[in-house]
>>> print(open('work.txt').read())   # compact mmCIF, C-alpha atoms
# COMPACT_ATOMS: atom_id res chain seq x y z
CA MET V 1 -27.40 -105.49 20.33
CA MET V 2 -29.57 -102.37 20.64
CA TYR V 3 -32.36 -101.79 23.15
CA LEU V 4 -34.47 -98.64 23.00
CA ASN V 5 -32.08 -97.28 20.36
CA ILE V 6 -29.06 -97.52 22.67
CA PRO V 7 -26.19 -100.03 22.20
CA GLU V 8 -26.01 -102.72 24.86
CA ASP V 9 -22.49 -101.78 25.98
CA VAL V 10 -23.63 -98.19 26.57
CA LEU V 11 -26.64 -99.40 28.52
CA GLU V 12 -24.40 -101.54 30.68
CA SER V 13 -22.22 -98.53 31.47
CA GLN V 14 -25.37 -96.64 32.52
CA ASN V 15 -26.65 -99.51 34.66
CA ALA V 16 -29.70 -99.59 32.41
CA VAL V 17 -29.46 -102.73 30.31
CA TRP V 18 -31.99 -104.88 32.17
CA THR V 19 -34.68 -102.20 32.21
CA ALA V 20 -34.20 -101.50 28.51
CA ARG V 21 -34.19 -105.19 27.63
CA GLU V 22 -37.29 -105.98 29.68
CA ILE V 23 -39.27 -103.09 28.23
CA SER V 24 -38.25 -104.07 24.71
CA GLN V 25 -39.07 -107.78 25.04
CA GLN V 26 -42.76 -107.31 25.84
CA PRO V 27 -44.29 -107.86 22.38
CA GLU V 28 -42.52 -111.24 22.37
CA THR V 29 -43.31 -112.13 25.98
CA TRP V 30 -46.99 -111.33 25.42
CA GLN V 31 -47.02 -114.02 22.75
CA GLU V 32 -45.09 -116.42 24.97
CA THR V 33 -47.52 -115.81 27.82
CA ALA V 34 -50.51 -116.49 25.58
CA HIS V 35 -48.95 -119.75 24.38
CA LEU V 36 -48.26 -120.84 27.96
CA LEU V 37 -51.82 -120.03 28.97
CA ALA V 38 -53.14 -122.18 26.14
CA LYS V 39 -51.11 -125.14 27.43
CA VAL V 40 -52.50 -124.92 30.95
CA ARG V 41 -56.03 -124.07 29.84
CA PRO V 42 -57.61 -127.53 30.41
CA ALA V 43 -56.34 -127.76 33.98
CA LEU V 44 -57.09 -124.07 34.62
CA ASP V 45 -60.68 -124.41 33.41
CA GLY V 46 -61.09 -127.52 35.53
CA PHE V 47 -60.13 -125.46 38.59
CA LEU V 48 -62.12 -122.33 37.75
CA LYS V 49 -65.38 -123.61 36.29
CA PRO V 50 -66.89 -124.97 39.51
CA LEU V 51 -66.01 -121.70 41.24
CA LEU V 52 -67.44 -119.43 38.53
CA ASP V 53 -70.61 -121.52 38.43
CA ASP V 54 -71.41 -120.13 41.88
CA PRO V 55 -73.15 -116.73 41.43
CA ARG V 56 -72.12 -115.76 44.97
CA LEU V 57 -68.40 -116.05 44.19
CA ARG V 58 -66.36 -112.98 45.03
CA ILE V 59 -63.06 -112.41 43.24
CA ILE V 60 -60.35 -110.33 44.93
CA LEU V 61 -57.43 -109.19 42.76
CA THR V 62 -54.43 -108.51 44.96
CA GLY V 63 -50.74 -107.69 45.02
CA ALA V 64 -48.45 -104.95 46.29
CA GLY V 65 -47.39 -101.85 44.37
CA THR V 66 -47.29 -102.51 40.64
CA SER V 67 -48.80 -105.96 41.17
CA ALA V 68 -51.78 -104.35 42.89
CA PHE V 69 -52.33 -102.04 39.93
CA ILE V 70 -52.89 -105.07 37.68
CA GLY V 71 -56.09 -105.56 39.62
CA GLU V 72 -57.08 -101.92 39.24
CA CYS V 73 -56.63 -102.20 35.48
CA LEU V 74 -58.71 -105.37 35.18
CA GLU V 75 -61.39 -104.92 37.82
CA PRO V 76 -63.90 -103.00 35.61
CA VAL V 77 -63.83 -105.40 32.67
CA LEU V 78 -63.87 -108.55 34.80
CA ALA V 79 -66.79 -107.31 36.88
CA SER V 80 -68.84 -106.34 33.84
CA ARG V 81 -68.08 -109.45 31.77
CA LEU V 82 -68.17 -112.11 34.50
CA GLY V 83 -71.25 -110.83 36.27
CA ARG V 84 -69.56 -111.48 39.60
CA ARG V 85 -68.35 -109.24 42.39
CA VAL V 86 -64.74 -108.31 41.59
CA ASP V 87 -62.64 -106.14 43.92
CA ALA V 88 -59.09 -104.91 43.46
CA ILE V 89 -57.59 -104.70 46.97
CA ALA V 90 -53.84 -104.45 47.59
CA THR V 91 -52.21 -107.01 49.86
CA THR V 92 -50.92 -104.09 51.89
CA ASP V 93 -54.55 -103.22 52.70
CA LEU V 94 -55.72 -106.79 53.22
CA VAL V 95 -52.90 -107.48 55.65
CA SER V 96 -53.31 -104.29 57.69
CA GLY V 97 -57.11 -104.55 57.94
CA PRO V 98 -58.42 -108.01 57.08
CA GLY V 99 -61.62 -107.55 59.05
CA ASP V 100 -62.61 -104.62 56.86
CA TYR V 101 -62.13 -106.45 53.55
CA PHE V 102 -62.83 -110.18 53.92
CA GLN V 103 -66.39 -111.46 54.41
CA ALA V 104 -66.66 -114.78 56.19
CA ASP V 105 -69.81 -116.09 54.50
CA ILE V 106 -68.94 -115.11 50.90
CA PRO V 107 -67.02 -117.73 48.88
CA THR V 108 -63.88 -115.96 47.70
CA LEU V 109 -61.25 -116.51 45.02
CA LEU V 110 -58.10 -114.61 45.94
CA VAL V 111 -56.07 -113.87 42.79
CA SER V 112 -52.52 -113.05 43.88
CA PHE V 113 -50.07 -111.32 41.53
CA GLY V 114 -46.37 -111.35 42.35
CA ARG V 115 -43.22 -110.99 40.34
CA SER V 116 -41.29 -113.10 42.86
CA GLY V 117 -44.30 -114.57 44.59
CA SER V 118 -42.45 -114.46 47.91
CA SER V 119 -43.40 -111.15 49.49
CA PRO V 120 -44.50 -111.48 53.13
CA GLU V 121 -47.62 -109.43 52.41
CA SER V 122 -48.67 -111.89 49.70
CA MET V 123 -48.17 -114.89 51.95
CA ALA V 124 -49.93 -113.16 54.82
CA ALA V 125 -52.89 -112.24 52.58
CA VAL V 126 -53.30 -115.91 51.65
CA SER V 127 -53.20 -116.96 55.30
CA LEU V 128 -55.64 -114.26 56.36
CA ALA V 129 -58.06 -115.17 53.59
CA ASP V 130 -58.05 -118.77 54.78
CA GLU V 131 -58.51 -117.60 58.36
CA CYS V 132 -61.27 -115.05 57.74
CA VAL V 133 -63.34 -116.67 54.97
CA GLU V 134 -65.20 -119.96 55.28
CA ARG V 135 -64.65 -121.01 51.63
CA THR V 136 -61.45 -119.65 50.09
CA TYR V 137 -59.70 -120.51 46.84
CA HIS V 138 -56.43 -119.17 45.46
CA LEU V 139 -55.19 -118.39 41.97
CA VAL V 140 -51.55 -117.32 41.83
CA VAL V 141 -50.06 -115.53 38.82
CA THR V 142 -46.31 -115.24 39.21
CA CYS V 143 -43.05 -115.04 37.27
CA ASN V 144 -41.08 -117.25 39.63
CA THR V 145 -41.43 -121.02 40.07
CA SER V 146 -39.15 -120.80 43.11
CA GLY V 147 -41.42 -118.36 44.87
CA GLU V 148 -43.29 -119.20 48.05
CA LEU V 149 -46.74 -118.67 46.55
CA TYR V 150 -46.01 -121.02 43.66
CA THR V 151 -44.57 -123.62 46.01
CA LEU V 152 -47.57 -123.36 48.33
CA CYS V 153 -49.96 -123.99 45.45
CA GLN V 154 -48.30 -127.28 44.63
CA LYS V 155 -49.36 -128.62 48.02
CA ARG V 156 -52.99 -127.50 48.27
CA ALA V 157 -56.14 -128.54 46.45
CA ASN V 158 -57.77 -125.10 46.73
CA CYS V 159 -54.91 -123.41 44.83
CA PHE V 160 -53.85 -123.09 41.21
CA ALA V 161 -50.65 -121.39 40.09
CA ILE V 162 -49.72 -119.95 36.70
CA ALA V 163 -45.96 -119.50 36.30
CA LEU V 164 -45.05 -117.21 33.42
CA PRO V 165 -41.99 -117.56 31.16
CA GLU V 166 -38.72 -117.16 33.06
CA ARG V 167 -37.63 -113.94 31.36
CA THR V 168 -40.75 -112.15 32.61
CA HIS V 169 -39.18 -112.36 36.07
CA ASP V 170 -37.67 -108.89 35.66
CA ARG V 171 -34.17 -108.43 37.03
CA SER V 172 -34.35 -104.64 36.95
CA PHE V 173 -35.67 -102.63 39.89
CA ALA V 174 -38.92 -101.60 38.22
CA MET V 175 -41.53 -104.08 37.05
CA THR V 176 -42.17 -103.79 33.31
CA SER V 177 -42.61 -107.06 31.43
CA SER V 178 -43.70 -108.79 34.64
CA PHE V 179 -46.52 -106.25 34.98
CA SER V 180 -47.90 -106.55 31.46
CA CYS V 181 -47.50 -110.33 31.21
CA MET V 182 -49.18 -111.05 34.54
CA MET V 183 -51.99 -108.75 33.47
CA LEU V 184 -52.31 -110.55 30.14
CA ALA V 185 -52.35 -113.94 31.86
CA ALA V 186 -55.13 -112.88 34.23
CA LEU V 187 -57.16 -111.36 31.41
CA GLY V 188 -56.84 -114.54 29.36
CA THR V 189 -57.64 -116.70 32.37
CA PHE V 190 -61.04 -115.15 32.96
CA LEU V 191 -61.87 -113.75 29.50
CA PRO V 192 -60.17 -115.92 26.87
CA GLN V 193 -62.09 -114.12 24.13
CA PHE V 194 -59.72 -111.18 24.69
CA THR V 195 -56.58 -113.24 24.18
CA THR V 196 -57.32 -114.99 20.90
CA GLU V 197 -54.42 -115.62 18.56
CA ALA V 198 -55.56 -112.72 16.39
CA ASN V 199 -55.73 -110.31 19.33
CA ILE V 200 -52.33 -111.30 20.66
CA ALA V 201 -50.80 -110.87 17.21
CA ALA V 202 -52.39 -107.42 16.93
CA LEU V 203 -51.05 -106.43 20.37
CA ALA V 204 -47.56 -107.62 19.51
CA THR V 205 -47.60 -105.69 16.24
CA ALA V 206 -48.90 -102.55 17.91
CA GLY V 207 -46.38 -102.82 20.75
CA SER V 208 -43.48 -103.29 18.37
CA ALA V 209 -44.61 -100.23 16.41
CA VAL V 210 -44.71 -98.13 19.60
CA LEU V 211 -41.16 -99.13 20.47
CA GLU V 212 -39.91 -98.57 16.94
CA HIS V 213 -41.68 -95.33 16.03
CA PHE V 214 -41.96 -93.34 19.26
CA GLY V 215 -38.70 -93.98 21.11
CA GLY V 216 -36.94 -90.98 19.61
CA GLU V 217 -39.88 -88.66 20.25
CA LEU V 218 -40.25 -89.82 23.84
CA GLN V 219 -36.53 -89.31 24.38
CA LYS V 220 -36.82 -85.70 23.18
CA ILE V 221 -39.72 -85.08 25.55
CA ALA V 222 -37.74 -86.60 28.42
CA ASP V 223 -34.83 -84.30 27.64
CA ILE V 224 -37.08 -81.32 28.39
CA ASN V 225 -37.05 -82.60 31.98
CA PHE V 226 -40.53 -81.61 33.10
CA GLU V 227 -40.64 -81.23 36.88
CA ARG V 228 -44.18 -82.58 37.19
CA VAL V 229 -45.89 -85.32 35.19
CA VAL V 230 -49.58 -86.22 35.34
CA TYR V 231 -51.09 -89.40 33.89
CA LEU V 232 -54.83 -89.56 33.25
CA GLY V 233 -57.15 -92.38 32.22
CA SER V 234 -60.74 -93.53 32.66
CA LYS V 235 -62.01 -96.85 34.05
CA GLY V 236 -59.26 -99.49 33.78
CA LEU V 237 -57.01 -96.90 32.14
CA LYS V 238 -57.00 -95.06 35.47
CA GLY V 239 -55.27 -98.10 36.97
CA LEU V 240 -52.77 -97.87 34.13
CA ALA V 241 -52.27 -94.17 34.85
CA ARG V 242 -51.42 -95.09 38.43
CA GLU V 243 -48.85 -97.64 37.28
CA ALA V 244 -47.38 -95.13 34.80
CA SER V 245 -47.08 -92.56 37.58
CA LEU V 246 -45.30 -95.01 39.86
CA LYS V 247 -42.92 -96.12 37.11
CA LEU V 248 -41.71 -92.55 36.56
CA LEU V 249 -41.45 -91.89 40.29
CA GLU V 250 -39.36 -95.04 40.78
CA LEU V 251 -36.99 -94.55 37.88
CA THR V 252 -36.38 -90.87 38.59
CA ASP V 253 -35.76 -91.62 42.29
CA GLY V 254 -38.52 -89.22 43.29
CA LYS V 255 -36.88 -86.24 41.57
CA THR V 256 -39.91 -85.84 39.32
CA VAL V 257 -43.28 -85.18 40.95
CA THR V 258 -45.85 -87.59 39.54
CA THR V 259 -49.55 -88.14 40.05
CA PHE V 260 -52.53 -89.78 38.35
CA ASP V 261 -56.30 -89.43 38.13
CA SER V 262 -59.29 -89.90 35.89
CA PRO V 263 -60.08 -87.07 33.45
CA LEU V 264 -63.33 -86.31 35.28
CA GLY V 265 -61.74 -86.56 38.72
CA PHE V 266 -58.79 -84.35 37.80
CA ARG V 267 -60.89 -81.16 37.88
CA HIS V 268 -61.85 -81.74 41.51
CA GLY V 269 -58.72 -80.32 43.09
CA PRO V 270 -55.82 -82.29 41.58
CA LYS V 271 -55.76 -79.93 38.59
CA THR V 272 -54.01 -77.42 40.86
CA ILE V 273 -50.74 -79.25 40.16
CA ILE V 274 -50.69 -77.75 36.66
CA ASN V 275 -48.04 -75.18 35.81
CA ARG V 276 -45.67 -74.48 32.93
CA GLU V 277 -43.30 -77.20 34.18
CA THR V 278 -46.01 -79.88 33.99
CA LEU V 279 -46.44 -82.59 31.38
CA VAL V 280 -49.86 -84.23 31.11
CA ILE V 281 -50.19 -87.59 29.36
CA MET V 282 -53.73 -88.83 28.78
CA PHE V 283 -54.61 -92.41 27.89
CA VAL V 284 -57.65 -91.83 25.69
CA SER V 285 -60.44 -94.40 25.68
CA ASN V 286 -61.79 -96.09 22.55
CA ASP V 287 -65.22 -96.38 24.16
CA PRO V 288 -67.44 -93.80 22.40
CA TYR V 289 -69.18 -92.71 25.60
CA THR V 290 -66.13 -92.56 27.86
CA ARG V 291 -64.04 -90.96 25.14
CA GLN V 292 -66.25 -87.85 25.22
CA TYR V 293 -65.16 -87.08 28.77
CA ASP V 294 -61.51 -87.70 27.95
CA LEU V 295 -61.62 -85.35 24.97
CA ASP V 296 -63.50 -82.67 26.91
CA LEU V 297 -60.66 -82.42 29.44
CA LEU V 298 -58.07 -82.64 26.67
CA ASP V 299 -59.70 -79.63 24.98
CA GLU V 300 -59.89 -77.80 28.31
CA LEU V 301 -56.23 -78.30 29.21
CA ARG V 302 -55.12 -77.14 25.78
CA ALA V 303 -57.39 -74.09 25.92
CA ASP V 304 -56.28 -73.11 29.45
CA GLY V 305 -52.73 -72.58 28.22
CA GLU V 306 -51.35 -73.19 31.72
CA VAL V 307 -49.73 -76.59 31.19
CA GLY V 308 -46.25 -77.12 29.79
CA ARG V 309 -47.41 -79.83 27.39
CA VAL V 310 -50.36 -82.17 26.89
CA ILE V 311 -49.99 -85.43 24.96
CA ALA V 312 -52.87 -87.72 24.06
CA ILE V 313 -52.09 -91.42 23.71
CA VAL V 314 -54.78 -92.73 21.37
CA ALA V 315 -55.80 -95.64 19.17
CA GLN V 316 -58.27 -93.52 17.19
CA ALA V 317 -57.30 -90.27 15.51
CA CYS V 318 -59.94 -87.54 15.19
CA PRO V 319 -59.88 -83.75 14.64
CA ARG V 320 -60.07 -83.00 18.37
CA VAL V 321 -57.09 -85.25 19.14
CA MET V 322 -55.13 -84.01 16.15
CA ALA V 323 -55.54 -80.38 17.22
CA GLY V 324 -52.55 -80.84 19.52
CA ASP V 325 -49.82 -83.32 20.47
CA TYR V 326 -50.78 -86.96 20.19
CA MET V 327 -49.25 -90.39 19.68
CA LEU V 328 -51.25 -92.98 17.77
CA VAL V 329 -51.21 -96.72 18.46
CA GLU V 330 -51.47 -98.49 15.14
CA GLY V 331 -53.97 -101.19 14.20
CA LEU V 332 -56.33 -101.02 17.20
CA PRO V 333 -58.97 -98.39 16.30
CA ASP V 334 -61.85 -100.64 17.35
CA ALA V 335 -60.17 -102.47 20.23
CA ASN V 336 -61.69 -102.71 23.68
CA ASP V 337 -59.95 -100.42 26.16
CA THR V 338 -58.67 -103.48 28.02
CA LEU V 339 -56.50 -104.42 25.05
CA LEU V 340 -55.18 -100.86 24.89
CA LEU V 341 -53.63 -101.35 28.34
CA PHE V 342 -50.75 -103.23 26.73
CA PRO V 343 -49.45 -100.88 24.03
CA TYR V 344 -50.35 -97.81 26.12
CA ILE V 345 -48.09 -98.83 29.04
CA LEU V 346 -45.09 -98.99 26.69
CA PHE V 347 -45.26 -95.21 26.19
CA ALA V 348 -45.03 -94.66 29.93
CA GLN V 349 -42.25 -97.18 30.47
CA VAL V 350 -40.10 -95.82 27.65
CA TYR V 351 -40.65 -92.24 28.75
CA ALA V 352 -39.73 -93.09 32.37
CA PHE V 353 -36.60 -94.86 31.16
CA TYR V 354 -35.39 -91.88 29.13
CA HIS V 355 -36.33 -89.40 31.85
CA ALA V 356 -34.23 -91.36 34.33
CA LEU V 357 -31.23 -91.25 31.99
CA CYS V 358 -31.76 -87.52 31.47
CA LEU V 359 -31.45 -87.04 35.24
CA GLY V 360 -28.35 -89.23 35.40
CA ASN V 361 -30.19 -92.03 37.20
CA ALA V 362 -29.39 -95.71 36.74
CA PRO V 363 -32.71 -97.32 35.72
CA ASP V 364 -31.67 -100.80 36.89
CA SER V 365 -30.98 -99.45 40.38
CA PRO V 366 -32.37 -95.91 40.57
CA SER V 367 -32.25 -95.21 44.31
CA ALA V 368 -29.14 -93.11 44.87
CA SER V 369 -29.45 -93.35 48.66
CA GLY V 370 -29.90 -97.10 48.60
CA THR V 371 -32.86 -96.80 50.95
CA VAL V 372 -35.33 -98.02 48.31
CA ASN V 373 -34.46 -101.37 46.78
CA ARG V 374 -35.89 -104.08 44.59
CA VAL V 375 -36.32 -106.03 47.84
CA VAL V 376 -38.05 -104.02 50.56
CA LYS V 377 -36.53 -104.52 53.99
CA GLY V 378 -37.98 -104.33 57.48
CA VAL V 379 -41.54 -105.60 56.93
CA THR V 380 -43.02 -107.07 60.10
CA ILE V 381 -45.99 -109.39 59.72
CA HIS V 382 -48.19 -109.52 62.82
CA ASP V 383 -50.70 -112.21 63.55
CA HIS V 384 -54.35 -111.25 63.53
CA SER V 385 -54.55 -111.25 67.32
CA GLY V 386 -51.76 -108.68 67.54
CA LYS V 387 -48.77 -110.88 68.38
CA ALA V 388 -45.75 -110.13 66.16
CA LYS V 389 -44.57 -113.03 64.00
CA GLY V 390 -41.22 -111.55 63.10
CA ARG V 391 -39.53 -109.59 60.36
CA ALA V 392 -39.39 -110.36 56.66
CA VAL V 393 -38.44 -108.88 53.33
CA SER V 394 -40.68 -107.96 50.44
CA GLU V 395 -40.04 -107.48 46.75
CA VAL V 396 -41.15 -104.13 45.36
CA GLY V 397 -44.32 -104.62 43.34
>>> encode(input="work.txt", output="structure tokens")
Amino acid sequence: MMYLNIPEDVLESQNAVWTAREISQQPETWQETAHLLAKVRPALDGFLKPLLDDPRLRIILTGAGTSAFIGECLEPVLASRLGRRVDAIATTDLVSGPGDYFQADIPTLLVSFGRSGSSPESMAAVSLADECVERTYHLVVTCNTSGELYTLCQKRANCFAIALPERTHDRSFAMTSSFSCMMLAALGTFLPQFTTEANIAALATAGSAVLEHFGGELQKIADINFERVVYLGSKGLKGLAREASLKLLELTDGKTVTTFDSPLGFRHGPKTIINRETLVIMFVSNDPYTRQYDLDLLDELRADGEVGRVIAIVAQACPRVMAGDYMLVEGLPDANDTLLLFPYILFAQVYAFYHALCLGNAPDSPSASGTVNRVVKGVTIHDHSGKAKGRAVSEVG
């Protein structure tokens, strides 16, 4: 069996087989996730409709690390399409400062994302929401039916849990298929018009094409071993840029400097990171208005001549894009940017995987020192009055 153009036995020798397998399976797991969502739709709508009928409802999208970035990717589209207040706030912020984020008199739906669904921050965020808000409801999106969040939801009337297919519960260190499938499930939950059968088929086709056509090119770029990598994106694509940046940082064990920003924000100081050892990857919007700002910075970076390489990830080709390096997602020239989140993240995951191998890192367990693990150790959850409740462990992401 081959994953990312590498035989399975070779991947096993490199401690890389799970990461490669979980990146590669995503076009299939997107379809599986959509099918699962269709099965639970009647019960899900029964839970959500009374909540969404309240114009005062506030939706908080939460998680830690990669799981938090799902919220950052989806916040703009959910806020604009639902006509409700939607905030992406990490559990790590909610837990450390609940009084600054929760509002007692605003009915709140806390949407918790968690690969394992057992992190102490996630459980604490649920408890704090119940403590701080008069009317609280919970929607859990997880990959693990044995997780504490999923178990909790089976016992409470104000909770609903969506458990994704078992193989989305990534066994590798870095979240890949768990990230994209939880994001797809949340998108389909609130905006089912985005996850029609036709759209899911188009995403699966586009994702498969990315994996098939660009793996070799991304491997060659990784072999250059850029010392600094910048990911850029506008609106929800900025959230994706943040996730892409983290994925490379994780898999290279911090050996590669990574950062992220929006194209407009990048000029305001962060652009100073640019030198000849820097790779810039821009997720270009399909939105005609937003796209203008993306392409303006793309032109500027190319004209400056200071950067090592600039690559545009696009779903629409045009003369300005084609004037330099670009990679084209097939079949989605008119797609909403939210749908582009799914094929676009594959470029970043595959690149991070190959970059890790170039550095001699083991993608399934990239921390050479052993001080950063799939399960974070030493988290202490304190009660809201300041009395320590004890120590716990937390899964990365």
>>> closest_residue(input="work.txt", among="V:Val350, V:Ala206, V:Asp253, V:Arg84", to="Val314 in chain V", atoms="all atoms listed in the file")
V:Ala206
>>> atom_distance(input="work.txt", atom1="CA of Pro343 in chain V", atom2="CA of Ala186 in chain V")
16.7 Å
>>> closest_residue(input="work.txt", among="V:Leu248, V:Pro55, V:Leu298, V:Val307", to="Asn275 in chain V", atoms="all atoms listed in the file")
V:Val307
>>> residues_around(input="work.txt", residues="range 357-366 of chain V", least_positions_apart="6", cutoff="9 Å", atoms="only C-alpha atoms", output="MDAnalysis selection string")
chainID V and resid 14:20 171:174 219 222:225 250:253 255 372:374
>>> closest_residue(input="work.txt", among="V:Ala88, V:Leu36, V:Val95, V:Leu52", to="Gly239 in chain V", atoms="only C-alpha atoms")
V:Ala88
>>> closest_residue(input="work.txt", among="V:Ser67, V:Ala157, V:Phe347, V:Ala204", to="Phe47 in chain V", atoms="all atoms listed in the file")
V:Ala157
>>> atom_distance(input="work.txt", atom1="CA of Phe190 in chain V", atom2="CA of Cys159 in chain V")
15.7 Å
>>> atom_distance(input="work.txt", atom1="CA of Arg167 in chain V", atom2="CA of Asn144 in chain V")
9.6 Å
>>> residues_around(input="work.txt", residues="Val230 in chain V", least_positions_apart="6", cutoff="12 Å", atoms="all atoms listed in the file", output="PyMOL selection string")
chain V and resi 238+241-246+248-249+256-263+266+270-275+277-283+307-312+348
>>> closest_residue(input="work.txt", among="V:Ser234, V:Thr196, V:Ser118, V:Asn336", to="His35 in chain V", atoms="all atoms listed in the file")
V:Thr196
>>> closest_residue(input="work.txt", among="V:Ile313, V:Met322, V:Cys143, V:Leu149", to="Glu166 in chain V", atoms="all atoms listed in the file")
V:Cys143
>>> residues_around(input="work.txt", residues="Ala90 in chain V", least_positions_apart="6", cutoff="8 Å", atoms="only C-alpha atoms", output="PDB file with C-alpha atoms, in the frame of the given file")
ATOM      1  CA  LEU V  61     -57.430-109.190  42.760  1.00  0.00           C
ATOM      2  CA  THR V  62     -54.430-108.510  44.960  1.00  0.00           C
ATOM      3  CA  GLY V  63     -50.740-107.690  45.020  1.00  0.00           C
ATOM      4  CA  ALA V  64     -48.450-104.950  46.290  1.00  0.00           C
ATOM      5  CA  GLY V  65     -47.390-101.850  44.370  1.00  0.00           C
ATOM      6  CA  ALA V  68     -51.780-104.350  42.890  1.00  0.00           C
TER       7      ALA V  68
END
>>> build_atoms(input="work.txt", residues="range 168-184 of chain V", atoms="N, CA and C atoms", output="compact mmCIF listing (two decimals), in the frame of the given file")
# COMPACT_ATOMS: atom_id res chain seq x y z
N THR V 168 -39.85 -113.18 32.08
CA THR V 168 -40.75 -112.15 32.61
C THR V 168 -40.44 -111.82 34.06
N HIS V 169 -39.57 -112.63 34.70
CA HIS V 169 -39.18 -112.36 36.07
C HIS V 169 -38.10 -111.26 36.04
N ASP V 170 -38.56 -110.03 35.89
CA ASP V 170 -37.67 -108.89 35.66
C ASP V 170 -36.53 -108.82 36.67
N ARG V 171 -35.35 -108.59 36.17
CA ARG V 171 -34.17 -108.43 37.03
C ARG V 171 -33.92 -106.97 37.37
N SER V 172 -34.51 -106.07 36.64
CA SER V 172 -34.35 -104.64 36.95
C SER V 172 -35.18 -104.28 38.18
N PHE V 173 -34.94 -103.10 38.71
CA PHE V 173 -35.67 -102.63 39.89
C PHE V 173 -37.16 -102.54 39.60
N ALA V 174 -37.52 -101.89 38.51
CA ALA V 174 -38.92 -101.60 38.22
C ALA V 174 -39.55 -102.75 37.43
N MET V 175 -40.78 -103.05 37.77
CA MET V 175 -41.53 -104.08 37.05
C MET V 175 -42.02 -103.52 35.72
N THR V 176 -41.69 -104.20 34.63
CA THR V 176 -42.17 -103.79 33.31
C THR V 176 -42.82 -104.97 32.60
N SER V 177 -42.02 -105.91 32.11
CA SER V 177 -42.61 -107.06 31.43
C SER V 177 -43.38 -107.96 32.40
N SER V 178 -42.95 -108.00 33.65
CA SER V 178 -43.70 -108.79 34.64
C SER V 178 -45.10 -108.23 34.82
N PHE V 179 -45.21 -106.91 34.84
CA PHE V 179 -46.52 -106.25 34.98
C PHE V 179 -47.44 -106.61 33.82
N SER V 180 -47.00 -106.36 32.60
CA SER V 180 -47.90 -106.55 31.46
C SER V 180 -48.21 -108.02 31.22
N CYS V 181 -47.25 -108.91 31.47
CA CYS V 181 -47.50 -110.33 31.21
C CYS V 181 -48.40 -110.95 32.28
N MET V 182 -48.24 -110.57 33.53
CA MET V 182 -49.18 -111.05 34.54
C MET V 182 -50.59 -110.54 34.26
N MET V 183 -50.68 -109.31 33.81
CA MET V 183 -51.99 -108.75 33.47
C MET V 183 -52.62 -109.50 32.30
N LEU V 184 -51.81 -109.80 31.29
CA LEU V 184 -52.31 -110.55 30.14
C LEU V 184 -52.77 -111.95 30.55
